[in-house]
Amino acid sequence: MDAVRAVAEPRRREILRLVWDGERSAGEIAAHFEVTFGAISQHLSVLRSAGLVSVRRDGNRRLYRADREALKPFAPMLKQMWSARLDRLAGLAEAAEAAGGAERDGTGRPDAGTREDR
């Protein structure tokens with residue numbers, strides 16, 4: 001499979017994000033997804049075939065790492081996608097915090113109302 005088609009799949013982009021800064025075992029990678037280990041193994045195989053990740057054996061484990069040189073043409077696009085995803089996550093967290101803040105009295109406890117309200 002060519003690199004463009006490999007990077008086009010969202011789970012493979014997420015795998016690349018996970019292995020961008022360091023090595024991770026297939027099990028560590030799979031733990032981040034709600035799919036079978038076999039499905040993640042197939043995604044890793046596609047990324048390896050496209051030359052986008054390298055693998056190193058450590059005993060009976062395989063450690064995967066993004067091949068940044070091979071990903072150089074895609075790096076700006078991937079980083080932008082990852083940044084946008086983090087921005088959305090931050091926005092959701094802030095919205096949840098604001099919604100929770102409306103139900104709190106400033107002490108971190110649910111608002112029990114004023115004495116007159118009871």
# chains A, B, ... in the order shown; residues from 1 in each chain; ligands from 1
>>> residues_around(residues="Ala50 in chain A", least_positions_apart="5", cutoff="12 Å", atoms="only C-alpha atoms", output="number ranges by chain")
A: 1-7, 12, 43-45, 66-67, 70-71
>>> residues_around(residues="Trp20 in chain A", least_positions_apart="2", cutoff="9 Å", atoms="only C-alpha atoms", output="number ranges by chain")
A: 15-18, 22-23, 65-68
>>> closest_residue(among="A:Ala26, A:Lys72, A:Gln42, A:Phe37", to="Arg57 in chain A", atoms="only C-alpha atoms")
A:Ala26
>>> atom_distance(atom1="CA of Leu52 in chain A", atom2="CA of Glu69 in chain A")
8.6 Å
>>> atom_distance(atom1="CA of Glu94 in chain A", atom2="CA of Val35 in chain A")
28.4 Å
>>> closest_residue(among="A:Arg11, A:Ala96, A:Arg61, A:Ser54", to="Glu28 in chain A", atoms="only C-alpha atoms")
A:Arg61
>>> atom_distance(atom1="CA of Arg62 in chain A", atom2="CA of Arg24 in chain A")
8.2 Å
>>> closest_residue(among="A:His32, A:Phe74, A:Val19, A:Gly38", to="Val55 in chain A", atoms="only C-alpha atoms")
A:Val19
>>> closest_residue(among="A:Ala75, A:Ala30, A:Leu63, A:Ala8", to="Val46 in chain A", atoms="only C-alpha atoms")
A:Ala8
